[in-house]
$ cat final_14.txt   # compact mmCIF, C-alpha atoms
# COMPACT_ATOMS: atom_id res chain seq x y z
CA MET A 458 21.39 -20.70 5.77
CA THR A 459 22.99 -23.12 8.26
CA ILE A 460 22.86 -22.20 11.94
CA ALA A 461 24.88 -24.29 14.37
CA ILE A 462 22.62 -23.70 17.39
CA ALA A 463 18.84 -23.78 17.01
CA PRO A 464 17.10 -20.75 18.54
CA GLN A 465 14.31 -21.18 21.05
CA ARG A 466 10.75 -21.26 19.72
CA THR A 467 7.67 -19.74 21.28
CA ARG A 468 4.09 -20.98 21.09
CA SER A 469 3.51 -18.49 18.29
CA GLY A 470 6.04 -20.35 16.13
CA LEU A 471 8.48 -17.43 16.13
CA SER A 472 12.09 -18.11 17.09
CA TYR A 473 14.39 -16.04 19.27
CA PHE A 474 17.89 -16.22 20.76
CA ASN A 475 19.06 -15.42 24.22
CA PHE A 476 22.37 -13.59 24.31
CA ALA A 477 24.46 -16.68 25.02
CA ASP A 478 22.97 -18.64 22.13
CA LEU A 479 23.28 -15.68 19.77
CA SER A 480 26.94 -15.25 20.73
CA ALA A 481 27.63 -18.93 20.13
CA THR A 482 25.75 -19.21 16.84
CA GLU A 483 27.82 -19.60 13.68
CA PHE A 484 26.15 -17.63 10.91
CA PRO A 485 27.30 -17.96 7.29
CA PRO A 486 30.22 -15.68 6.39
CA GLN A 487 29.66 -12.46 4.50
CA GLU A 488 29.39 -13.04 0.74
CA PHE A 489 29.35 -10.60 -2.16
CA ILE A 490 27.89 -10.63 -5.64
CA LEU A 491 30.07 -7.64 -6.57
CA GLU A 492 32.60 -6.86 -3.85
CA PRO A 493 32.29 -4.70 -1.85
CA LEU A 494 29.26 -3.06 -3.50
CA ILE A 495 26.55 -5.72 -3.50
CA GLU A 496 26.39 -8.09 -0.56
CA LYS A 497 24.42 -11.31 -0.78
CA GLY A 498 21.06 -10.67 0.86
CA GLY A 499 21.43 -6.88 0.66
CA LEU A 500 18.82 -4.27 -0.31
CA TYR A 501 19.94 -1.28 -2.37
CA MET A 502 18.49 1.76 -4.11
CA VAL A 503 19.82 3.55 -7.19
CA PHE A 504 18.12 6.90 -7.68
CA GLY A 505 18.65 9.99 -9.78
CA PRO A 506 16.94 12.27 -12.31
CA ALA A 507 15.66 10.95 -15.63
CA GLY A 508 18.33 10.63 -18.29
CA LEU A 509 21.26 10.34 -15.88
CA GLY A 510 22.07 6.74 -16.82
CA LYS A 511 20.48 4.68 -14.05
CA THR A 512 19.43 1.89 -16.40
CA TRP A 513 22.85 1.83 -18.08
CA PHE A 514 24.44 1.48 -14.64
CA THR A 515 22.15 -1.28 -13.38
CA ALA A 516 22.30 -3.11 -16.70
CA GLY A 517 26.09 -3.08 -16.36
CA LEU A 518 25.82 -4.47 -12.86
CA ALA A 519 23.45 -7.17 -14.08
CA VAL A 520 25.69 -8.38 -16.90
CA ALA A 521 28.84 -8.28 -14.76
CA ALA A 522 27.23 -10.20 -11.90
CA ALA A 523 25.73 -12.79 -14.25
CA ALA A 524 29.00 -13.23 -16.14
CA GLY A 525 31.27 -13.22 -13.11
CA LYS A 526 33.13 -10.21 -14.49
CA PRO A 527 34.42 -7.10 -12.68
CA PHE A 528 32.42 -3.92 -13.19
CA LEU A 529 34.07 -0.51 -12.79
CA LYS A 530 35.99 -0.87 -9.49
CA TRP A 531 33.98 -3.80 -8.11
CA ALA A 532 35.10 -7.42 -8.34
CA SER A 533 33.07 -10.55 -8.99
CA GLU A 534 34.59 -13.91 -8.12
CA ARG A 535 31.79 -16.03 -9.59
CA SER A 536 28.74 -15.69 -11.79
CA SER A 537 25.37 -15.15 -10.11
CA ARG A 538 21.86 -15.68 -11.37
CA VAL A 539 20.32 -12.29 -12.11
CA LEU A 540 16.70 -11.35 -12.85
CA TYR A 541 16.14 -7.89 -14.36
CA ILE A 542 12.52 -6.75 -13.96
CA ASP A 543 11.90 -3.77 -16.25
CA GLY A 544 8.82 -1.58 -16.04
CA GLU A 545 9.27 0.71 -19.03
CA MET A 546 12.18 0.11 -21.40
CA PRO A 547 11.27 -1.19 -24.89
CA GLY A 548 12.60 -4.72 -25.30
CA ARG A 549 14.59 -3.79 -28.40
CA LYS A 550 16.51 -1.08 -26.55
CA MET A 551 17.20 -3.29 -23.54
CA LYS A 552 18.45 -6.06 -25.84
CA GLU A 553 20.85 -3.61 -27.46
CA ARG A 554 22.12 -2.35 -24.12
CA LEU A 555 22.65 -5.77 -22.56
CA SER A 556 24.27 -7.14 -25.69
CA GLY A 557 26.58 -4.13 -25.98
CA ILE A 558 27.60 -4.38 -22.33
CA ALA A 559 28.23 -8.11 -22.66
CA LYS A 560 30.58 -7.48 -25.59
CA ALA A 561 32.35 -4.65 -23.76
CA LEU A 562 32.95 -6.88 -20.75
CA LYS A 563 33.95 -9.81 -22.99
CA ALA A 564 31.37 -11.90 -21.22
CA ASP A 565 30.74 -15.53 -22.11
CA GLU A 566 27.34 -15.36 -23.84
CA ALA A 567 26.75 -19.08 -23.30
CA ARG A 568 27.07 -18.49 -19.58
CA LEU A 569 24.80 -15.46 -19.71
CA ALA A 570 22.15 -17.61 -21.37
CA GLU A 571 22.02 -19.59 -18.14
CA THR A 572 22.45 -16.78 -15.60
CA LEU A 573 20.85 -13.55 -16.91
CA PHE A 574 17.07 -13.27 -17.19
CA TYR A 575 14.89 -10.38 -18.37
CA LEU A 576 11.25 -9.81 -17.40
CA GLY A 577 9.93 -6.75 -19.21
CA ARG A 578 6.57 -5.03 -18.97
CA THR A 579 6.68 -4.02 -22.64
CA THR A 580 7.63 -7.49 -23.92
CA GLN A 581 4.47 -9.28 -22.76
CA LYS A 582 1.77 -10.54 -25.11
CA PRO A 583 -1.01 -8.00 -25.79
CA ASP A 584 -3.53 -9.84 -23.63
CA VAL A 585 -1.20 -10.04 -20.60
CA ILE A 586 -1.43 -7.33 -17.95
CA PHE A 587 1.87 -6.91 -16.14
CA PRO A 588 1.57 -7.29 -12.33
CA ASP A 589 1.34 -4.20 -10.15
CA MET A 590 4.01 -4.79 -7.50
CA ALA A 591 2.20 -2.52 -5.05
CA ASP A 592 -0.64 -5.06 -4.99
CA LYS A 593 0.07 -8.07 -2.75
CA GLU A 594 -2.16 -10.40 -4.76
CA GLU A 595 -0.60 -9.42 -8.09
CA GLN A 596 2.85 -9.85 -6.56
CA GLN A 597 2.22 -13.59 -6.52
CA ARG A 598 2.87 -13.77 -10.26
CA ILE A 599 6.24 -12.08 -9.74
CA ARG A 600 7.01 -14.40 -6.83
CA ALA A 601 6.17 -17.43 -8.98
CA THR A 602 8.55 -16.23 -11.69
CA ILE A 603 11.28 -15.66 -9.10
CA ALA A 604 10.74 -19.15 -7.68
CA GLU A 605 11.14 -20.59 -11.17
CA ILE A 606 14.35 -18.67 -11.98
CA GLU A 607 15.87 -18.73 -8.47
CA PRO A 608 18.01 -15.61 -8.91
CA ASP A 609 20.73 -14.43 -6.55
CA LEU A 610 20.13 -10.80 -7.55
CA ILE A 611 16.90 -9.04 -8.56
CA ILE A 612 16.89 -5.59 -10.17
CA LEU A 613 13.61 -3.61 -10.16
CA ASP A 614 13.78 -0.83 -12.76
CA ASN A 615 11.96 1.29 -11.74
CA LEU A 616 9.58 1.51 -8.80
CA PHE A 617 7.51 4.29 -10.37
CA THR A 618 6.49 2.06 -13.29
CA LEU A 619 6.37 -1.26 -11.44
CA CYS A 620 4.25 -0.02 -8.51
CA ARG A 621 1.24 1.57 -10.14
CA SER A 622 -1.47 1.67 -7.46
CA GLY A 623 -1.84 3.54 -4.18
CA ASP A 624 -0.47 6.88 -3.10
CA ARG A 625 3.30 6.81 -3.65
CA ASN A 626 3.77 9.37 -0.88
CA ASP A 627 1.78 7.35 1.67
CA ALA A 628 3.86 4.97 3.77
CA ARG A 629 0.96 2.51 3.91
CA SER A 630 1.14 2.07 0.14
CA TRP A 631 4.77 0.98 0.59
CA ASP A 632 3.94 -1.79 3.08
CA GLY A 633 3.34 -4.49 0.46
CA VAL A 634 6.48 -3.63 -1.48
CA GLN A 635 8.55 -3.56 1.69
CA GLU A 636 7.21 -6.98 2.65
CA PHE A 637 8.21 -8.27 -0.77
CA LEU A 638 11.74 -6.84 -0.51
CA LEU A 639 12.35 -8.14 2.99
CA GLY A 640 10.96 -11.52 1.99
CA GLN A 641 13.51 -11.78 -0.82
CA ARG A 642 16.27 -10.78 1.56
CA SER A 643 15.20 -13.49 4.03
CA GLN A 644 15.72 -16.00 1.22
CA GLY A 645 19.29 -14.79 0.72
CA ARG A 646 18.64 -12.73 -2.40
CA SER A 647 20.01 -9.27 -3.12
CA VAL A 648 17.62 -6.66 -4.52
CA ILE A 649 18.42 -3.36 -6.25
CA VAL A 650 15.54 -0.94 -6.77
CA VAL A 651 15.79 1.95 -9.23
CA GLN A 652 13.91 5.16 -8.43
CA HIS A 653 13.57 8.67 -9.80
CA THR A 654 14.37 11.80 -7.81
CA ASN A 655 11.79 14.26 -6.51
CA LYS A 656 11.92 18.05 -6.65
CA ALA A 657 14.18 18.11 -3.58
CA GLN A 658 16.61 15.73 -5.36
CA GLY A 659 15.82 12.93 -2.94
CA TYR A 660 14.21 9.67 -4.04
CA PHE A 661 10.63 9.82 -5.27
CA GLY A 662 7.86 8.63 -2.94
CA THR A 663 7.48 7.97 0.77
CA SER A 664 10.43 8.21 3.17
CA ALA A 665 9.52 4.69 4.32
CA GLN A 666 11.62 3.48 1.38
CA SER A 667 14.68 4.19 3.51
CA VAL A 668 14.52 0.54 4.56
CA VAL A 669 16.24 -0.17 1.21

$ encode --input "final_14.txt" --output "structure tokens"
Amino acid sequence: MTIAIAPQRTRSGLSYFNFADLSATEFPPQEFILEPLIEKGGLYMVFGPAGLGKTWFTAGLAVAAAAGKPFLKWASERSSRVLYIDGEMPGRKMKERLSGIAKALKADEARLAETLFYLGRTTQKPDVIFPDMADKEEQQRIRATIAEIEPDLIILDNLFTLCRSGDRNDARSWDGVQEFLLGQRSQGRSVIVVQHTNKAQGYFGTSAQSVV
């Protein structure tokens, strides 16, 4: 991110603007991965009951964004690097879905080989324990993978299976995940989280997730 006017810094190392500097600062223009649905640096949640098609929907978004293809009524002007982090789907089924969507969208598979990446919990070697994203220390393995791939868009499908520790209804258990999400946003990445619904048909877990 390029900022024309440097903000003032305090002894703590944090930076702030006064109103005049903020008004005069030239921030980067708004950019979209899929316009106008997914903005660069945006946080989004897709939630609904089991079996509704959440994974089909997000898989479609992933392929379209990575291929630079339109999806439903949303346009994509360029291909983006996409990392799909999957907490439950068998690798064989996800392969079938992504391949089928790619064919339906007439996507360039050579391009997808360079822009679409899949990190699945069920596709790890038997001796590898998949990181619990609710644990800040275990998150480091996810962060290292992200740093290696450098995606523009991350899809977390779904929070129930990727965040396995803590009380899902306790806002304090959400703190580490929220820090992770906001950290990705600060680096200019978009993140989509997939979540199940609760008995009241809202999203499952603490209301603190409304930051997404």

$ atom_distance --input "final_14.txt" --atom1 "CA of Ala516 in chain A" --atom2 "CA of Ile558 in chain A"
7.8 Å

$ residues_around --input "final_14.txt" --residues "range 560-568 of chain A" --least-positions-apart "3" --cutoff "6 Å" --atoms "all atoms listed in the file" --output "list in words"
Ala524, Gly557 and Glu571 of chain A

$ write_last_selection --input "final_14.txt" --atoms "C-alpha atoms" --output "mmCIF file, in the frame of the given file"
data_model
loop_
_atom_site.group_PDB
_atom_site.id
_atom_site.type_symbol
_atom_site.label_atom_id
_atom_site.label_comp_id
_atom_site.auth_asym_id
_atom_site.auth_seq_id
_atom_site.Cartn_x
_atom_site.Cartn_y
_atom_site.Cartn_z
ATOM 1 C CA ALA A 524 29.000 -13.230 -16.140
ATOM 2 C CA GLY A 557 26.580 -4.130 -25.980
ATOM 3 C CA GLU A 571 22.020 -19.590 -18.140
#

$ axis_aligned_box --input "final_14.txt" --around "range 492-506 of chain A" --padding-each-side "3 Å" --output "JSON"
{"center_x": 24.8, "center_y": 0.5, "center_z": -5.7, "size_x": 21.7, "size_y": 29.6, "size_z": 19.2}

$ residues_around --input "final_14.txt" --residues "Leu555 in chain A" --least-positions-apart "3" --cutoff "9 Å" --atoms "all atoms listed in the file" --output "PDB file with C-alpha atoms, keeping the file's coordinate frame"
ATOM      1  CA  TRP A 513      22.850   1.830 -18.080  1.00  0.00           C
ATOM      2  CA  ALA A 516      22.300  -3.110 -16.700  1.00  0.00           C
ATOM      3  CA  GLY A 517      26.090  -3.080 -16.360  1.00  0.00           C
ATOM      4  CA  ALA A 519      23.450  -7.170 -14.080  1.00  0.00           C
ATOM      5  CA  VAL A 520      25.690  -8.380 -16.900  1.00  0.00           C
ATOM      6  CA  LYS A 550      16.510  -1.080 -26.550  1.00  0.00           C
ATOM      7  CA  MET A 551      17.200  -3.290 -23.540  1.00  0.00           C
ATOM      8  CA  LYS A 552      18.450  -6.060 -25.840  1.00  0.00           C
ATOM      9  CA  ILE A 558      27.600  -4.380 -22.330  1.00  0.00           C
ATOM     10  CA  ALA A 559      28.230  -8.110 -22.660  1.00  0.00           C
ATOM     11  CA  LYS A 560      30.580  -7.480 -25.590  1.00  0.00           C
TER      12      LYS A 560
END

$ atom_distance --input "final_14.txt" --atom1 "CA of Gly640 in chain A" --atom2 "CA of Phe474 in chain A"
20.6 Å

$ closest_residue --input "final_14.txt" --among "A:Leu500, A:Leu576, A:Leu471, A:Ile606" --to "Leu638 in chain A" --atoms "all atoms listed in the file"
A:Leu500

$ closest_residue --input "final_14.txt" --among "A:Thr512, A:Glu605, A:Ala532, A:Glu496" --to "Arg554 in chain A" --atoms "all atoms listed in the file"
A:Thr512

$ residues_around --input "final_14.txt" --residues "Met590 in chain A" --least-positions-apart "4" --cutoff "12 Å" --atoms "only C-alpha atoms" --output "ChimeraX atom specification"
/A:542-544,578,594-600,613-623,630-638

$ closest_residue --input "final_14.txt" --among "A:Ser643, A:Pro527, A:Phe504, A:Gly548" --to "Thr579 in chain A" --atoms "all atoms listed in the file"
A:Gly548

$ atom_distance --input "final_14.txt" --atom1 "CA of Thr572 in chain A" --atom2 "CA of Glu553 in chain A"
17.8 Å

$ closest_residue --input "final_14.txt" --among "A:Ala570, A:Gly577, A:Lys526, A:Leu509" --to "Glu545 in chain A" --atoms "all atoms listed in the file"
A:Gly577

$ closest_residue --input "final_14.txt" --among "A:Gly498, A:Pro493, A:Pro485, A:Pro464" --to "Ser647 in chain A" --atoms "all atoms listed in the file"
A:Gly498

$ closest_residue --input "final_14.txt" --among "A:Phe489, A:Met546, A:Ala591, A:Gly505" --to "Arg646 in chain A" --atoms "only C-alpha atoms"
A:Phe489
